[in-house]
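What's in protein28.txt: compact mmCIF, C-alpha atoms
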# COMPACT_ATOMS: atom_id res chain seq x y z
CA MET U 29 93.48 58.77 109.33
CA THR U 30 95.61 55.64 109.59
CA TYR U 31 94.13 52.21 110.24
CA ARG U 32 95.40 52.56 113.82
CA ASP U 33 93.52 55.84 114.24
CA ASN U 34 90.33 54.18 113.01
CA PHE U 35 90.87 51.21 115.29
CA GLU U 36 91.41 53.40 118.35
CA LYS U 37 88.32 55.45 117.51
CA TRP U 38 86.07 52.39 117.32
CA LEU U 39 87.68 50.89 120.40
CA ASN U 40 87.21 53.94 122.64
CA ASP U 41 84.13 55.72 121.29
CA GLU U 42 81.01 54.75 123.24
CA PHE U 43 78.87 55.39 120.16
CA PHE U 44 79.96 51.89 119.14
CA ASP U 45 78.20 49.26 121.22
CA GLU U 46 79.85 47.29 123.98
CA GLU U 47 79.91 44.04 122.00
CA THR U 48 81.79 45.75 119.16
CA ARG U 49 84.34 47.36 121.46
CA GLU U 50 84.86 44.11 123.37
CA GLU U 51 85.53 42.24 120.13
CA LEU U 52 88.13 44.84 119.18
CA SER U 53 89.75 44.86 122.62
CA ASN U 54 90.49 41.15 122.22
CA LEU U 55 92.43 41.61 118.99
CA THR U 56 96.19 41.06 119.32
CA ASP U 57 97.24 40.40 115.71
CA GLU U 58 98.34 43.69 114.12
CA LYS U 59 97.74 42.33 110.62
CA GLU U 60 94.16 41.51 111.60
CA ILE U 61 93.65 45.00 112.99
CA GLU U 62 95.07 46.51 109.81
CA ASP U 63 92.82 44.39 107.59
CA ARG U 64 89.75 45.44 109.54
CA PHE U 65 90.50 49.17 109.41
CA TYR U 66 92.76 50.04 106.47
CA ARG U 67 89.77 50.99 104.32
CA ASP U 68 85.99 51.27 104.30
CA LEU U 69 84.13 48.20 103.09
CA GLU U 70 83.58 48.93 99.42
CA PHE U 71 80.05 49.56 98.22
CA GLY U 72 80.00 48.29 94.66
CA THR U 73 77.47 47.83 91.87
CA GLY U 74 75.91 44.86 93.67
CA GLY U 75 76.02 46.45 97.12
CA LEU U 76 78.15 45.26 100.05
CA ARG U 77 79.88 41.93 100.57
CA GLY U 78 82.45 41.09 103.19
CA ILE U 79 83.56 39.17 106.25
CA MET U 80 81.36 39.75 109.30
CA GLY U 81 82.94 41.43 112.31
CA ALA U 82 83.86 44.76 113.87
CA GLY U 83 85.71 47.28 111.73
CA THR U 84 85.31 49.64 108.80
CA ASN U 85 86.25 46.85 106.37
CA ARG U 86 83.75 44.34 107.77
CA MET U 87 80.03 43.63 107.57
CA ASN U 88 78.49 44.89 110.80
CA LYS U 89 75.79 47.13 112.24
CA TYR U 90 77.68 50.30 111.41
CA THR U 91 78.78 49.58 107.85
CA ILE U 92 75.25 48.38 107.07
CA GLY U 93 73.88 51.52 108.70
CA LYS U 94 76.11 53.64 106.49
CA ALA U 95 75.01 51.85 103.32
CA THR U 96 71.37 52.12 104.36
CA GLN U 97 71.54 55.82 105.17
CA GLY U 98 73.11 56.41 101.76
CA LEU U 99 70.31 54.45 100.10
CA GLY U 100 67.66 56.26 102.12
CA THR U 101 69.01 59.69 101.23
CA TYR U 102 69.16 58.69 97.56
CA LEU U 103 65.50 57.59 97.68
CA LEU U 104 64.35 60.73 99.48
CA ASP U 105 66.17 62.98 97.02
CA ASN U 106 64.89 61.14 93.96
CA TYR U 107 61.33 60.20 94.95
CA GLY U 108 60.43 62.66 97.70
CA VAL U 109 59.29 62.31 101.30
CA GLU U 110 55.66 61.41 100.51
CA ALA U 111 56.49 58.58 98.09
CA CYS U 112 59.13 57.18 100.44
CA ALA U 113 56.68 57.16 103.36
CA LYS U 114 53.96 55.52 101.25
CA ARG U 115 55.76 53.10 98.89
CA GLY U 116 58.96 52.46 100.80
CA VAL U 117 61.45 49.60 100.65
CA VAL U 118 61.07 45.83 100.94
CA ILE U 119 63.70 43.98 102.96
CA GLY U 120 64.41 40.26 102.73
CA TYR U 121 67.07 38.01 104.21
CA ASP U 122 68.44 34.47 104.07
CA THR U 123 69.35 31.95 106.80
CA ARG U 124 73.00 32.93 107.10
CA ASN U 125 74.38 34.03 110.48
CA ASN U 126 73.31 37.59 111.35
CA SER U 127 71.11 38.02 108.27
CA LYS U 128 67.95 38.58 110.29
CA ASP U 129 69.73 41.02 112.62
CA PHE U 130 71.17 42.91 109.66
CA SER U 131 67.73 43.11 108.04
CA GLU U 132 66.29 44.62 111.23
CA ILE U 133 69.12 47.14 111.41
CA THR U 134 68.38 48.12 107.80
CA ALA U 135 64.69 48.51 108.66
CA ASN U 136 65.45 50.68 111.68
CA VAL U 137 67.68 53.07 109.76
CA LEU U 138 65.17 53.48 106.93
CA THR U 139 62.09 53.92 109.11
CA GLY U 140 64.05 56.36 111.25
CA MET U 141 64.54 58.42 108.08
CA GLY U 142 60.79 58.45 107.43
CA ILE U 143 60.81 55.66 104.86
CA LYS U 144 58.20 52.89 104.89
CA VAL U 145 59.61 49.37 105.27
CA TYR U 146 58.07 46.02 104.38
CA LEU U 147 60.15 43.41 106.21
CA HIS U 148 59.81 39.75 105.28
CA SER U 149 58.50 37.76 108.22
CA GLU U 150 60.98 34.92 107.70
CA ALA U 151 64.04 34.02 105.68
CA ARG U 152 63.14 33.66 102.01
CA PRO U 153 64.99 33.05 98.72
CA THR U 154 66.15 36.14 96.85
CA PRO U 155 63.57 35.79 94.01
CA GLN U 156 60.86 36.47 96.59
CA LEU U 157 62.48 39.80 97.33
CA SER U 158 62.34 40.75 93.65
CA PHE U 159 58.71 39.64 93.48
CA SER U 160 57.81 41.52 96.67
CA VAL U 161 59.14 44.83 95.37
CA LYS U 162 56.78 44.70 92.38
CA PHE U 163 53.90 43.12 94.29
CA LEU U 164 53.97 45.81 96.99
CA ASN U 165 54.75 48.65 94.53
CA ALA U 166 57.83 49.61 96.53
CA LEU U 167 60.55 52.02 95.46
CA ALA U 168 63.40 49.60 96.18
CA GLY U 169 64.40 46.37 97.82
CA VAL U 170 67.27 45.17 99.99
CA VAL U 171 68.21 41.55 100.56
CA ILE U 172 70.74 40.40 103.14
CA THR U 173 72.61 37.46 101.64
CA ALA U 174 76.16 36.51 100.74
CA SER U 175 75.05 33.98 98.13
CA HIS U 176 77.84 31.49 97.42
CA ASN U 177 80.49 33.09 99.65
CA PRO U 178 82.00 31.28 102.69
CA LYS U 179 80.17 31.24 106.03
CA GLU U 180 82.26 34.09 107.43
CA TYR U 181 80.73 36.44 104.85
CA ASN U 182 77.47 38.24 104.43
CA GLY U 183 76.15 40.67 101.85
CA TYR U 184 73.75 43.52 101.21
CA LYS U 185 72.16 43.82 97.77
CA ILE U 186 69.91 46.62 96.50
CA TYR U 187 67.09 46.21 93.97
CA ASP U 188 65.25 48.93 92.07
CA GLU U 189 61.49 49.51 91.87
CA TYR U 190 61.22 46.87 89.13
CA GLY U 191 62.71 44.18 91.37
CA CYS U 192 66.02 44.14 89.48
CA GLN U 193 69.52 44.62 90.85
CA LEU U 194 70.84 48.11 90.24
CA VAL U 195 72.37 48.71 86.84
CA PRO U 196 75.70 50.59 86.80
CA TRP U 197 74.30 54.12 86.37
CA GLN U 198 71.90 53.61 89.29
CA ALA U 199 74.57 52.02 91.45
CA LYS U 200 76.96 54.89 90.73
CA GLN U 201 74.44 57.36 92.15
CA VAL U 202 73.79 55.31 95.29
CA ILE U 203 77.53 54.80 95.81
CA GLN U 204 78.03 58.57 95.78
CA TYR U 205 75.46 58.95 98.55
CA VAL U 206 77.03 56.17 100.60
CA ASN U 207 80.56 57.51 100.19
CA ALA U 208 79.39 60.98 101.25
CA ILE U 209 78.77 59.65 104.78
CA GLU U 210 82.03 60.17 106.62
CA ASP U 211 80.80 60.18 110.22
CA TYR U 212 79.04 57.14 111.68
CA HIS U 213 77.60 59.38 114.40
CA THR U 214 75.16 60.80 111.84
CA ILE U 215 73.44 57.40 111.55
CA SER U 216 70.39 56.75 113.73
CA PHE U 217 69.48 53.15 114.54
CA GLU U 218 66.37 54.01 116.58
CA GLY U 219 63.73 53.17 113.98
CA ASN U 220 60.05 54.14 113.75
CA ASN U 221 57.70 51.19 114.22
CA SER U 222 54.75 53.11 112.75
CA LEU U 223 56.48 52.82 109.35
CA LEU U 224 57.34 49.12 109.71
CA GLU U 225 55.13 46.37 108.29
CA ILE U 226 55.97 42.67 108.57
CA VAL U 227 54.89 40.92 105.38
CA GLU U 228 54.40 37.38 104.13
CA VAL U 229 54.20 37.07 100.34
CA THR U 230 54.81 33.34 99.87
CA ASP U 231 51.26 32.46 98.86
CA ASN U 232 51.21 35.21 96.23
CA PHE U 233 54.65 34.23 94.97
CA VAL U 234 53.80 30.57 94.35
CA SER U 235 50.27 31.05 93.05
Re-express the file's structure as C-alpha cells.
Amino acid sequence: MTYRDNFEKWLNDEFFDEETREELSNLTDEKEIEDRFYRDLEFGTGGLRGIMGAGTNRMNKYTIGKATQGLGTYLLDNYGVEACAKRGVVIGYDTRNNSKDFSEITANVLTGMGIKVYLHSEARPTPQLSFSVKFLNALAGVVITASHNPKEYNGYKIYDEYGCQLVPWQAKQVIQYVNAIEDYHTISFEGNNSLLEIVEVTDNFVS
C-alpha cells in the first residue's frame, strides 16, 4: 500500500480511536502525511524510538501495541504459557509526555495475552527497571523512555530476564515477531486486571 492508502485507512477505520482520527483529519501538509505513513516505525535492537503522534511511523497506542504483541508472542513461544502467567514482565516509565499512558497500554496488551505484568507505581529511572526484572524474577522488562532525544520523541526499550537490554541475537528474534504483525486489528488493548500488579521497588533498590 502507498502512504496515502495507509493514511486513508487510519483516518476512516473506526478501529482507530476518535482522538487519533481527529488528529489525522487536521493534517493539511502532504509531506507531513507522507512522513507519518511511508513506513512502519522501525523496531531495532534497542526497541522503538520516534516522534509521538498518529501514524505508522510514529510512537502511539497502535505502534506500541504492535511491538508489545510481538514481544508477548515471543515470550509465550519461548517460555510457555505457565511461566509467562507466573513470572511475567516488569514495566517502567519516565516523566516524559505520554510515558505513563504508553506503559499502561503495554500492560494491557500483555495481560490480555495471559502474561503477568508488574507495573511500576510511579516514574522511575531506567536502572530501577533493570533491578526490578531480577528482583521480581521476571522474564523480561519494558521501559518507556526516549532518553536524550527531544521532547517530541518517546521510546520503548526491552530488557531480558537478567535486566539487560537485548543483545543482537535476541533482538533479531523479537523483531521477527513484531514484523510478522501486519494487521493492527489483531491487537487487543482490553487487558486483564487479574494479571496486573502495581509494584514499588525503591526501598529494595536503594538498600
Who sits within 6 Å of Leu76 (chain U), only C-alpha atoms, same chain under 4 positions skipped, as a ChimeraX atom specification
/U:71,183-184
Within 10 Å of (58.3, 36.8, 102.1), in the coordinates the file gives, what residues turn up when you count all atoms listed in the file, written out as number ranges by chain?
U: 118-121, 146-157, 159-160, 226-233
Find the residues near Phe65 (chain U): any atom within 8 Å, counting all atoms listed in the file, skip ones fewer than 6 places away on the same chain, and give them as a PDB file with C-alpha atoms, in the frame of the given file.
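Saved the output as part-v9.pdb:
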ATOM      1  CA  TYR U  31      94.130  52.210 110.240  1.00  0.00           C
ATOM      2  CA  ARG U  32      95.400  52.560 113.820  1.00  0.00           C
ATOM      3  CA  ASN U  34      90.330  54.180 113.010  1.00  0.00           C
ATOM      4  CA  PHE U  35      90.870  51.210 115.290  1.00  0.00           C
ATOM      5  CA  GLY U  83      85.710  47.280 111.730  1.00  0.00           C
ATOM      6  CA  THR U  84      85.310  49.640 108.800  1.00  0.00           C
ATOM      7  CA  ASN U  85      86.250  46.850 106.370  1.00  0.00           C
TER       8      ASN U  85
END
Rank U:Leu39, U:Met80, U:Met29, U:Ala199 by their smallest atom-to-atom distance to Pro178 (chain U), using all atoms listed in the file, and report the top residue only.
U:Met80
Centre and size of axis-aligned box enclosing region 198-211 of chain U plus 8 Å each side, as JSON:
{"center_x": 77.0, "center_y": 56.5, "center_z": 99.8, "size_x": 26.1, "size_y": 25.0, "size_z": 36.9}
Coordinates-based distance that separates CA of Thr123 (chain U) from CA of Tyr205 (chain U) (Å, one decimal):
28.9 Å
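Using only C-alpha atoms, the residues found no farther than 12 Å from Glu225 (chain U), other than those of its own chain fewer than 4 positions away, are Ala113, Lys114, Arg115, Gly116, Val117, Val118, Ile119, Glu132, Ala135, Asn136, Thr139, Ile143, Lys144, Val145, Tyr146, Leu147, His148, Ser149, Leu164, Asn220 and Asn221 of chain U.
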Atomic distance CA of Ala208 (chain U) - CA of Asn126 (chain U), expressed in Å with one decimal
26.2 Å
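The shell of residues at most 8 Å from Phe217 (chain U), with all atoms listed in the file counted and near chain neighbours (fewer than 4 positions) removed, consists of Gly93, Ile133, Asn136, Val137 and Gly140 of chain U.
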Write out as a VMD selection string each polymer residue whose atoms come within 6 Å of region 189-195 of chain U, counting only C-alpha atoms; drop sequence neighbours fewer than 4 positions from it.
chain U and resid 158 161 to 162 166 to 168 199
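The space between CA of Ile186 (chain U) and CA of Val202 (chain U) spans 9.6 Å.
Nearest-residue note for Lys89 (chain U): choosing from U:Glu110, U:Asp211, U:Glu47, U:Asp122, the minimum distance belongs to U:Glu47, counting only C-alpha atoms.
Using all atoms listed in the file, the smallest distance between any of U:Val171, U:Leu52, U:Thr134, U:Ala111 and Gly98 (chain U) comes from U:Thr134.
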